[in-house]
Amino acid sequence: MREVIRLENVRRDFVVGGETVHALRGVSLTIHEGEFVTIMGTSGSGKSTLLNLLGCLDRPTSGEYFLDGSAVRSMDKNARAALRNRKIGFVFQNYNLLPKTTALENVALPLLYNPACSAAERRRRAEQALLSVGLGERMLHKSNQMSGGQMQRVAIARALVNDPAVILADEATGNLDTRTSFEVLVLFQQLHAAGRTIIFVTHNPELARYSSRNVTLRDGRIVSDVRNPQILSAAEALAALPRTDD
Amino acid sequence: MNLVNLFKIAFKALCNNKLRGFLTMLGIIIGVGSVITMLAIGQGSKRSIQAQIGEMGSNMIMIHPGGDRRGGVRLDAAAMESLKLKDLEDIATQTRYLSAVSPSVNSSGQAVYGANNTPTTVYGISPEYLEIRRYKVADGDMFSEQDVRTAAKVCLVGKSVVDELFPGGESVVGKVIRFGKIPLRIIGVLESKGYNSMGMDQDNLILAPYTTVQKRMLAITHLQSINCSALSESHTDQAIDEISAILRANHKLREGDEDDFTIRSQQELATMMTSTTDMMTLLLAAVAGISLLVGGIGIMNIMYVSVTERTREIGLRMSIGAKGRDILAQFLIESILISVTGGLIGVFVGVGAALLVNLLAAFPIYIQPWSVLLSFAVCTLTGIFFGWYPASKAAMLDPIEALRYE
Ligand SMILES: Nc1ncnc2c1ncn2[C@@H]1O[C@H](COP(=O)(O)OP(=O)(O)OP(=O)(O)O)[C@@H](O)[C@H]1O
Ligand SMILES: [Mg+2]
């Protein structure tokens with residue numbers, strides 16, 4: 001399998017009021033195409049810092065980062081913005097949809113920053129992405145007319161629309177109830193099955209059992225990195241959940 | 001990202017907050033509107049003054065006896081009679097820059113015809129006076145040089161005099177009216193000129209040969225004033241120098257002596273009068289400009305709030321690939337949209353208000369195309385200028401910080 005992400009001894013230091021905080025203390029990690037990786041760890045262990053680096057929102061203090069073959073550390077702001085636009089799909093804990101904006105427009109947003117993409121193409125791809133997350137019926141609903149689960153699906157569709165090399169999710173189910181969390185997880189598993197590369201940061205150790213690989217951080221270091229030999233099916237788990245709504 | 005998309009984004013953001021956008025625009029609307037209205041009023045009154053002065057002859061030069069009295073009162077009897085017939089003749093024969101010269105002596109009193117009478121003024125002049133003051137004969141004829149030589153008892157009358165003395169509307173040429181004790185035969189009626197800018201009735205007058213007024217009415221030999229026309233407006237200054245030289249020589253004034261006459265040009269008068277309205281226009285426009293500035297600050301304020309409010313949105317846009325300049329352009333276009341839309345509405349409001357002033361108060365207005373363009377350009381610049389700071393603040397946000405903003 002093709003290598004999508006390679007971190008080589010990456011460090012990230014923050015200087016706060018004269019003191020240096022070592023958020024990442026030498027992380028080396030390689031992720032291949034088609035992997036579904038969960039990153040776990042206690043609060044403050046550096047998960048979000050790592051994800052920001054992987055998402056090219058931030059640059060390592062030292063060490064090298066290659067995303068789909070390009071060296072990110074030497075890139076300037078604009079080059080990283082362009083890279084995010086083409087190679088990364090973000091899913092946030094709080095959805096971050098534009099208010100008073102339809103699902104279709106929200107999903108098309110990344111393509112708006114791609115000059116090569118025409119209006120017709122934007123619409124076609126946004127519709128396709130919404131269909132693939134099961135929101136074909138709600139394309140013209142505004143973001144404030146949707147439930148949390150639906151909003152997160154829109155956000156996932158937005159992360160898919162540019163056909164990224166990797167999808168990065170930080171606590172993507174953090175704001176959702178158990179049932180809705182599993183619905184979203186089903187969606188991620190479907191994407192994984194379709195060959196997508198996914199990196200999923202979570203606090204919930206149970207969710208690790210539904211991914212293909214588990215990385216655990218502690219104090220800025222990787223303390224365990226194991227393959228999951230037996231991936232559970234989120235769809236089955238969802239079906240087994242006691243129904244409360246009827 | 002292309003400009004069309006940026007416009008779409010900015011337009012949508014405005015539509016999401018219509019009331020706020022409109023209130024922000026209001027400052028610009030009032031600013032631009034008042035600039036345009038004020039300039040229209042200022043320019044309107046200036047133009048009407050200029051037009052009326054032009055009617056009187058913009059190349060007219062007036063010579064009065066006595067020194068320049070603008071600095072204080074000077075009542076030297078000899079000086080007041082310093083203009084003589086010889087001065088008139090010399091000016092008329094020696095000039096190179098004048099096209100017409102006429103003396104003027106006048107007498108105010110009652111004109112009487114039958115049972116009707118009216119207060120008016122008789123101007124004793126020569127036939128060239130018509131050309132100088134731009135009067136035209138509507139009916140009958142002007143008197144001749146022969147009438148001047150013989151001090152003939154003939155006259156031309158203005159329309160107001162006709163209306164007062166002949167309310168029946170009969171033909172007046174050939175009728176004999178009395179002015180004081182002197183009977184004057186009407187040989188012509190002047191075309192009406194209406195009121196001038198100072199509210200004076202330009203038709204309430206009688207024109208007679210100056211000799212008639214000098215000898216038969218006033219019993220004087222000097223002239224009260226001399227009116228001339230320069231060849232053109234641009235010859236005015238040369239003509240004034242020339243007249244001054246002739247008069248100083250005639251009056252045997254030595255170098256260093258003060259003039260015992262005053263030369264005023266219509267041009268000078270025009271400049272004097274329009275400078276007042278210019279001043280007013282400037283003042284009004286300055287006040288209006290300040291309101292435009294306040295409108296601009298309103299834009300900055302709202303854009304600043306908008307950027308702060310939408311910090312998370314900015315972070316999101318950056319995370320999905322917006323560059324700093326995309327964010328800058330988005331907010332800049334938004335503030336330009338506000339100011340340009342406000343400016344456009346302001347132009348309509350301003351023009352409308354000016355027309356209303358014209359309609360309701362009968363005040364002369366003139367909407368100068370450049371004033372519209374200027375205020376429009378100024379408010380676009382206002383949008384850019386005041387939008388720049390908030391927009392660049394937005395563009396410089398760190399995406400991670402922005403996404404985390406609560
Ligand atoms: N911008 C920053 N400036 C200073 N210190 C920072 C900054 N961002 C992160 N840190 C520090 O880096 C360390 C790791 O933070 P990070 O947000 O990556 O933790 P996390 O694993 O995501 O925690 P959580 O599970 O609570 O989200 C923390 O000690 C934090 O204080
Ligand atoms: Mg975190």
# chains A, B, ... in the order shown; residues from 1 in each chain; ligands from 1

$ residues_near_ligand --ligand "ligand 2" --cutoff "12 Å" --atoms "only C-alpha atoms and all ligand atoms" --output "ChimeraX atom specification"
/A:23,39-52,92-93,169-172,174,200-203,217 /B:400,404

$ interface_residues --of "chain B" --to "chain A" --cutoff "12 Å" --atoms "only C-alpha atoms" --output "ChimeraX atom specification"
/B:1-9,12-17,309-327,330,395-406

$ write_last_selection --atoms "N, CA and C atoms" --output "short mmCIF file (atom, residue, chain, number, x, y, z; two decimals), in the first residue's frame"
data_model
loop_
_atom_site.label_atom_id
_atom_site.label_comp_id
_atom_site.auth_asym_id
_atom_site.auth_seq_id
_atom_site.Cartn_x
_atom_site.Cartn_y
_atom_site.Cartn_z
N MET B 1 -8.59 31.72 -5.47
CA MET B 1 -10.04 31.76 -5.58
C MET B 1 -10.45 32.93 -6.45
N ASN B 2 -11.42 32.73 -7.32
CA ASN B 2 -11.71 33.82 -8.24
C ASN B 2 -12.66 34.84 -7.63
N LEU B 3 -12.69 36.01 -8.31
CA LEU B 3 -13.38 37.18 -7.77
C LEU B 3 -14.89 36.96 -7.67
N VAL B 4 -15.43 36.23 -8.65
CA VAL B 4 -16.88 35.99 -8.66
C VAL B 4 -17.28 35.24 -7.39
N ASN B 5 -16.49 34.21 -7.05
CA ASN B 5 -16.79 33.44 -5.83
C ASN B 5 -16.70 34.31 -4.59
N LEU B 6 -15.66 35.17 -4.57
CA LEU B 6 -15.49 36.07 -3.42
C LEU B 6 -16.69 36.99 -3.28
N PHE B 7 -17.18 37.50 -4.42
CA PHE B 7 -18.36 38.36 -4.38
C PHE B 7 -19.56 37.60 -3.85
N LYS B 8 -19.69 36.34 -4.30
CA LYS B 8 -20.81 35.53 -3.83
C LYS B 8 -20.76 35.38 -2.32
N ILE B 9 -19.57 35.06 -1.82
CA ILE B 9 -19.42 34.84 -0.37
C ILE B 9 -19.77 36.12 0.39
N LYS B 12 -23.43 36.93 0.27
CA LYS B 12 -24.20 36.04 1.13
C LYS B 12 -24.08 36.45 2.59
N ALA B 13 -22.86 36.79 2.98
CA ALA B 13 -22.64 37.22 4.37
C ALA B 13 -23.49 38.45 4.68
N LEU B 14 -23.58 39.36 3.70
CA LEU B 14 -24.40 40.56 3.91
C LEU B 14 -25.87 40.19 4.02
N CYS B 15 -26.30 39.26 3.15
CA CYS B 15 -27.71 38.85 3.16
C CYS B 15 -28.07 38.17 4.47
N ASN B 16 -27.09 37.50 5.07
CA ASN B 16 -27.35 36.83 6.34
C ASN B 16 -27.60 37.83 7.46
N ASN B 17 -27.22 39.06 7.23
CA ASN B 17 -27.37 40.07 8.27
C ASN B 17 -27.85 41.38 7.65
N GLU B 309 -16.86 38.16 15.43
CA GLU B 309 -17.97 37.22 15.52
C GLU B 309 -17.74 35.97 14.68
N ARG B 310 -17.08 36.17 13.56
CA ARG B 310 -16.92 35.07 12.61
C ARG B 310 -15.54 34.46 12.66
N THR B 311 -14.87 34.61 13.81
CA THR B 311 -13.52 34.06 13.93
C THR B 311 -13.49 32.56 13.60
N ARG B 312 -14.47 31.83 14.15
CA ARG B 312 -14.50 30.39 13.89
C ARG B 312 -14.68 30.10 12.40
N GLU B 313 -15.57 30.89 11.78
CA GLU B 313 -15.79 30.71 10.34
C GLU B 313 -14.48 30.94 9.58
N ILE B 314 -13.74 31.97 9.99
CA ILE B 314 -12.46 32.26 9.34
C ILE B 314 -11.51 31.08 9.51
N GLY B 315 -11.47 30.55 10.75
CA GLY B 315 -10.63 29.39 11.01
C GLY B 315 -11.01 28.21 10.13
N LEU B 316 -12.32 27.99 10.00
CA LEU B 316 -12.79 26.89 9.17
C LEU B 316 -12.36 27.09 7.72
N ARG B 317 -12.62 28.30 7.21
CA ARG B 317 -12.26 28.57 5.82
C ARG B 317 -10.78 28.34 5.59
N MET B 318 -9.97 28.77 6.55
CA MET B 318 -8.53 28.55 6.41
C MET B 318 -8.21 27.07 6.43
N SER B 319 -8.89 26.32 7.29
CA SER B 319 -8.56 24.91 7.41
C SER B 319 -8.94 24.14 6.14
N ILE B 320 -9.90 24.64 5.40
CA ILE B 320 -10.24 23.93 4.16
C ILE B 320 -9.57 24.56 2.95
N GLY B 321 -8.61 25.45 3.18
CA GLY B 321 -7.78 25.88 2.06
C GLY B 321 -7.82 27.34 1.69
N ALA B 322 -8.55 28.18 2.46
CA ALA B 322 -8.53 29.61 2.15
C ALA B 322 -7.18 30.19 2.53
N LYS B 323 -6.61 30.99 1.62
CA LYS B 323 -5.35 31.65 1.94
C LYS B 323 -5.66 32.96 2.64
N GLY B 324 -4.63 33.53 3.26
CA GLY B 324 -4.82 34.82 3.93
C GLY B 324 -5.43 35.84 3.01
N ARG B 325 -4.97 35.87 1.76
CA ARG B 325 -5.48 36.90 0.84
C ARG B 325 -6.93 36.63 0.46
N ASP B 326 -7.37 35.36 0.49
CA ASP B 326 -8.78 35.07 0.22
C ASP B 326 -9.65 35.68 1.31
N ILE B 327 -9.19 35.50 2.57
CA ILE B 327 -9.95 36.05 3.69
C ILE B 327 -9.95 37.57 3.63
N GLN B 330 -12.27 38.65 0.96
CA GLN B 330 -13.68 38.43 1.33
C GLN B 330 -14.21 39.57 2.18
N ALA B 395 -7.31 38.23 8.10
CA ALA B 395 -6.41 37.45 7.25
C ALA B 395 -5.21 36.94 8.04
N MET B 396 -4.86 37.67 9.11
CA MET B 396 -3.67 37.30 9.86
C MET B 396 -3.96 36.32 10.99
N LEU B 397 -5.22 35.97 11.15
CA LEU B 397 -5.57 35.03 12.22
C LEU B 397 -4.86 33.70 12.00
N ASP B 398 -4.52 33.07 13.12
CA ASP B 398 -3.94 31.74 13.05
C ASP B 398 -5.10 30.74 12.99
N PRO B 399 -5.11 29.85 12.00
CA PRO B 399 -6.27 28.97 11.84
C PRO B 399 -6.58 28.14 13.09
N ILE B 400 -5.54 27.67 13.78
CA ILE B 400 -5.77 26.83 14.96
C ILE B 400 -6.45 27.63 16.06
N GLU B 401 -5.91 28.83 16.29
CA GLU B 401 -6.50 29.72 17.31
C GLU B 401 -7.94 30.05 16.94
N ALA B 402 -8.12 30.37 15.65
CA ALA B 402 -9.44 30.81 15.19
C ALA B 402 -10.47 29.69 15.36
N LEU B 403 -10.06 28.46 15.07
CA LEU B 403 -10.98 27.33 15.19
C LEU B 403 -11.36 27.08 16.63
N ARG B 404 -10.45 27.43 17.54
CA ARG B 404 -10.67 27.16 18.94
C ARG B 404 -11.47 28.27 19.62
N TYR B 405 -11.64 29.41 18.86
CA TYR B 405 -12.26 30.61 19.44
C TYR B 405 -13.70 30.33 19.88
N GLU B 406 -14.01 30.77 21.09
CA GLU B 406 -15.39 30.59 21.58
C GLU B 406 -16.14 31.90 21.48
#

$ residues_around --residues "Leu381 (chain B)" --least-positions-apart "4" --cutoff "9 Å" --atoms "only C-alpha atoms" --output "PyMOL selection string"
chain B and resi 336+339+376-377+385-386

$ select_by_dssp --residues "region 242-293 of chain B" --states "helix (DSSP H, G or I)" --output "ChimeraX atom specification"
/B:242-250,266-293

$ closest_residue --among "A:Gly195, A:Arg218, A:Met146, A:Val72" --to "ligand 1" --atoms "only C-alpha atoms and all ligand atoms"
A:Arg218

$ select_by_dssp --residues "region 39-178 of chain A" --states "strand (DSSP E)" --output "number ranges by chain"
A: 39-41, 62-67, 70-71, 88-91, 166-170

$ write_last_selection --atoms "C-alpha atoms" --output "tab-separated table (two decimals), in the first residue's frame"
chain	number	residue	atom	x	y	z
A	39	ILE	CA	-5.29	8.18	18.17
A	40	MET	CA	-5.93	8.00	21.90
A	41	GLY	CA	-4.35	9.38	25.01
A	62	SER	CA	11.90	19.95	14.20
A	63	GLY	CA	11.65	16.69	12.32
A	64	GLU	CA	10.15	16.02	8.91
A	65	TYR	CA	6.61	15.52	7.73
A	66	PHE	CA	5.75	14.14	4.31
A	67	LEU	CA	2.13	14.23	3.18
A	70	SER	CA	5.41	16.49	-0.27
A	71	ALA	CA	7.66	17.84	2.48
A	88	ILE	CA	-6.98	17.03	3.63
A	89	GLY	CA	-10.51	16.64	4.87
A	90	PHE	CA	-11.21	17.91	8.39
A	91	VAL	CA	-14.04	16.79	10.66
A	166	VAL	CA	-6.55	11.64	4.35
A	167	ILE	CA	-9.54	12.48	6.52
A	168	LEU	CA	-8.68	13.92	9.94
A	169	ALA	CA	-11.28	13.83	12.70
A	170	ASP	CA	-10.75	15.38	16.14

$ atom_distance --atom1 "CA of Ile186 (chain B)" --atom2 "CA of Leu130 (chain B)"
16.2 Å

$ closest_residue --among "A:Gly149, A:Pro242, A:Pro229, A:Gly220" --to "ligand 1" --atoms "only C-alpha atoms and all ligand atoms"
A:Gly220

$ closest_residue --among "A:Val223, A:Ile199, A:Ala240, A:Val215" --to "Phe36 (chain A)" --atoms "only C-alpha atoms"
A:Ile199

$ residues_around --residues "Asp260 (chain B)" --least-positions-apart "6" --cutoff "9 Å" --atoms "only C-alpha atoms" --output "VMD selection string"
chain B and resid 64 to 68 79 to 80 82 to 83 247 to 248 251 253

$ atom_distance --atom1 "CA of Thr276 (chain B)" --atom2 "CA of Gln224 (chain B)"
29.0 Å

$ atom_distance --atom1 "CA of Gly188 (chain B)" --atom2 "CA of Phe143 (chain B)"
8.3 Å

$ residues_around --residues "region 286-290 of chain B" --least-positions-apart "2" --cutoff "10 Å" --atoms "only C-alpha atoms" --output "MDAnalysis selection string"
chainID B and resid 30:39 280:284 292:296 375 378

$ residues_around --residues "region 161-174 of chain B" --least-positions-apart "6" --cutoff "9 Å" --atoms "only C-alpha atoms" --output "list in words"
Ala111, Val112, Tyr113, Gly114, Ala115, Asn116, Asn117, Thr118, Pro119, Thr120, Asp139, Gly140, Arg185, Ile186, Ile187, Gly188, Val189, Asp203, Asn204, Leu205 and Ile206 of chain B

$ write_last_selection --atoms "C-alpha atoms" --output "short mmCIF file (atom, residue, chain, number, x, y, z; two decimals), in the first residue's frame"
data_model
loop_
_atom_site.label_atom_id
_atom_site.label_comp_id
_atom_site.auth_asym_id
_atom_site.auth_seq_id
_atom_site.Cartn_x
_atom_site.Cartn_y
_atom_site.Cartn_z
CA ALA B 111 -43.06 109.50 -13.64
CA VAL B 112 -46.58 110.68 -14.41
CA TYR B 113 -49.06 109.95 -17.18
CA GLY B 114 -52.55 111.28 -16.75
CA ALA B 115 -53.80 110.09 -13.39
CA ASN B 116 -51.15 107.39 -13.00
CA ASN B 117 -47.74 107.83 -11.48
CA THR B 118 -44.89 105.60 -10.39
CA PRO B 119 -41.55 106.11 -8.65
CA THR B 120 -38.71 105.34 -10.99
CA ASP B 139 -40.99 98.31 -29.57
CA GLY B 140 -40.04 101.60 -31.24
CA ARG B 185 -41.96 111.58 -25.47
CA ILE B 186 -41.75 107.80 -25.43
CA ILE B 187 -39.99 106.59 -28.56
CA GLY B 188 -39.37 103.00 -27.50
CA VAL B 189 -40.11 100.25 -24.97
CA ASP B 203 -37.49 96.94 -15.84
CA ASN B 204 -38.32 99.89 -13.60
CA LEU B 205 -36.35 102.53 -15.45
CA ILE B 206 -36.48 105.26 -18.06
#

$ decode --residues "region 122-134 of chain A" --atoms "all heavy atoms" --output "short mmCIF file (atom, residue, chain, number, x, y, z; two decimals), in the first residue's frame"
data_model
loop_
_atom_site.label_atom_id
_atom_site.label_comp_id
_atom_site.auth_asym_id
_atom_site.auth_seq_id
_atom_site.Cartn_x
_atom_site.Cartn_y
_atom_site.Cartn_z
N ARG A 122 -18.67 21.84 -8.93
CA ARG A 122 -18.84 21.97 -7.48
C ARG A 122 -20.16 21.34 -7.05
O ARG A 122 -20.23 20.57 -6.10
CB ARG A 122 -18.87 23.46 -7.07
CG ARG A 122 -17.53 24.10 -6.93
CD ARG A 122 -17.59 25.31 -6.03
NE ARG A 122 -18.48 26.35 -6.50
CZ ARG A 122 -18.15 27.29 -7.35
NH1 ARG A 122 -16.92 27.31 -7.86
NH2 ARG A 122 -19.00 28.20 -7.72
N ARG A 123 -21.20 21.69 -7.76
CA ARG A 123 -22.53 21.22 -7.41
C ARG A 123 -22.61 19.70 -7.53
O ARG A 123 -23.11 19.01 -6.65
CB ARG A 123 -23.56 21.89 -8.32
CG ARG A 123 -24.95 21.77 -7.75
CD ARG A 123 -26.00 22.32 -8.68
NE ARG A 123 -27.27 21.78 -8.24
CZ ARG A 123 -28.02 22.33 -7.31
NH1 ARG A 123 -27.63 23.45 -6.74
NH2 ARG A 123 -29.16 21.78 -6.94
N ARG A 124 -22.06 19.20 -8.61
CA ARG A 124 -22.12 17.76 -8.85
C ARG A 124 -21.40 17.00 -7.74
O ARG A 124 -21.93 16.06 -7.16
CB ARG A 124 -21.47 17.45 -10.21
CG ARG A 124 -21.69 16.03 -10.71
CD ARG A 124 -20.93 15.78 -12.01
NE ARG A 124 -19.49 15.93 -11.87
CZ ARG A 124 -18.71 15.04 -11.25
NH1 ARG A 124 -19.23 13.94 -10.74
NH2 ARG A 124 -17.41 15.25 -11.16
N ARG A 125 -20.20 17.49 -7.42
CA ARG A 125 -19.42 16.77 -6.41
C ARG A 125 -20.02 16.91 -5.01
O ARG A 125 -19.98 15.98 -4.21
CB ARG A 125 -17.97 17.27 -6.43
CG ARG A 125 -17.23 16.69 -7.63
CD ARG A 125 -15.91 17.34 -7.87
NE ARG A 125 -14.92 17.04 -6.83
CZ ARG A 125 -13.64 17.39 -6.91
NH1 ARG A 125 -13.21 18.05 -7.98
NH2 ARG A 125 -12.82 17.10 -5.94
N ALA A 126 -20.60 18.08 -4.71
CA ALA A 126 -21.22 18.29 -3.40
C ALA A 126 -22.43 17.38 -3.25
O ALA A 126 -22.64 16.77 -2.20
CB ALA A 126 -21.62 19.75 -3.24
N GLU A 127 -23.21 17.25 -4.34
CA GLU A 127 -24.39 16.38 -4.29
C GLU A 127 -23.97 14.93 -4.06
O GLU A 127 -24.56 14.22 -3.24
CB GLU A 127 -25.19 16.50 -5.60
CG GLU A 127 -26.05 17.75 -5.63
CD GLU A 127 -26.72 17.95 -6.99
OE1 GLU A 127 -26.42 17.17 -7.93
OE2 GLU A 127 -27.52 18.89 -7.10
N GLN A 128 -22.92 14.56 -4.78
CA GLN A 128 -22.41 13.20 -4.66
C GLN A 128 -21.96 12.91 -3.23
O GLN A 128 -22.29 11.86 -2.66
CB GLN A 128 -21.23 13.05 -5.62
CG GLN A 128 -21.01 11.64 -6.07
CD GLN A 128 -19.80 11.58 -7.00
OE1 GLN A 128 -19.04 12.54 -7.12
NE2 GLN A 128 -19.64 10.44 -7.64
N ALA A 129 -21.24 13.87 -2.65
CA ALA A 129 -20.73 13.69 -1.29
C ALA A 129 -21.89 13.57 -0.30
O ALA A 129 -21.87 12.74 0.61
CB ALA A 129 -19.82 14.85 -0.91
N LEU A 130 -22.93 14.40 -0.48
CA LEU A 130 -24.08 14.34 0.42
C LEU A 130 -24.83 13.02 0.27
O LEU A 130 -25.30 12.45 1.26
CB LEU A 130 -25.01 15.53 0.15
CG LEU A 130 -24.60 16.82 0.85
CD1 LEU A 130 -25.37 18.01 0.30
CD2 LEU A 130 -24.81 16.70 2.36
N LEU A 131 -24.94 12.54 -0.96
CA LEU A 131 -25.57 11.23 -1.18
C LEU A 131 -24.81 10.15 -0.45
O LEU A 131 -25.40 9.27 0.19
CB LEU A 131 -25.63 10.92 -2.68
CG LEU A 131 -26.74 11.61 -3.46
CD1 LEU A 131 -26.58 11.38 -4.95
CD2 LEU A 131 -28.10 11.10 -2.97
N SER A 132 -23.48 10.23 -0.49
CA SER A 132 -22.67 9.16 0.10
C SER A 132 -22.75 9.17 1.62
O SER A 132 -22.41 8.18 2.25
CB SER A 132 -21.21 9.28 -0.37
OG SER A 132 -20.61 10.40 0.23
N VAL A 133 -23.18 10.28 2.25
CA VAL A 133 -23.37 10.25 3.71
C VAL A 133 -24.85 10.11 4.06
O VAL A 133 -25.25 10.29 5.20
CB VAL A 133 -22.79 11.51 4.41
CG1 VAL A 133 -21.29 11.60 4.20
CG2 VAL A 133 -23.49 12.77 3.94
N GLY A 134 -25.68 9.83 3.05
CA GLY A 134 -27.10 9.55 3.29
C GLY A 134 -27.93 10.78 3.54
O GLY A 134 -28.94 10.73 4.24
#
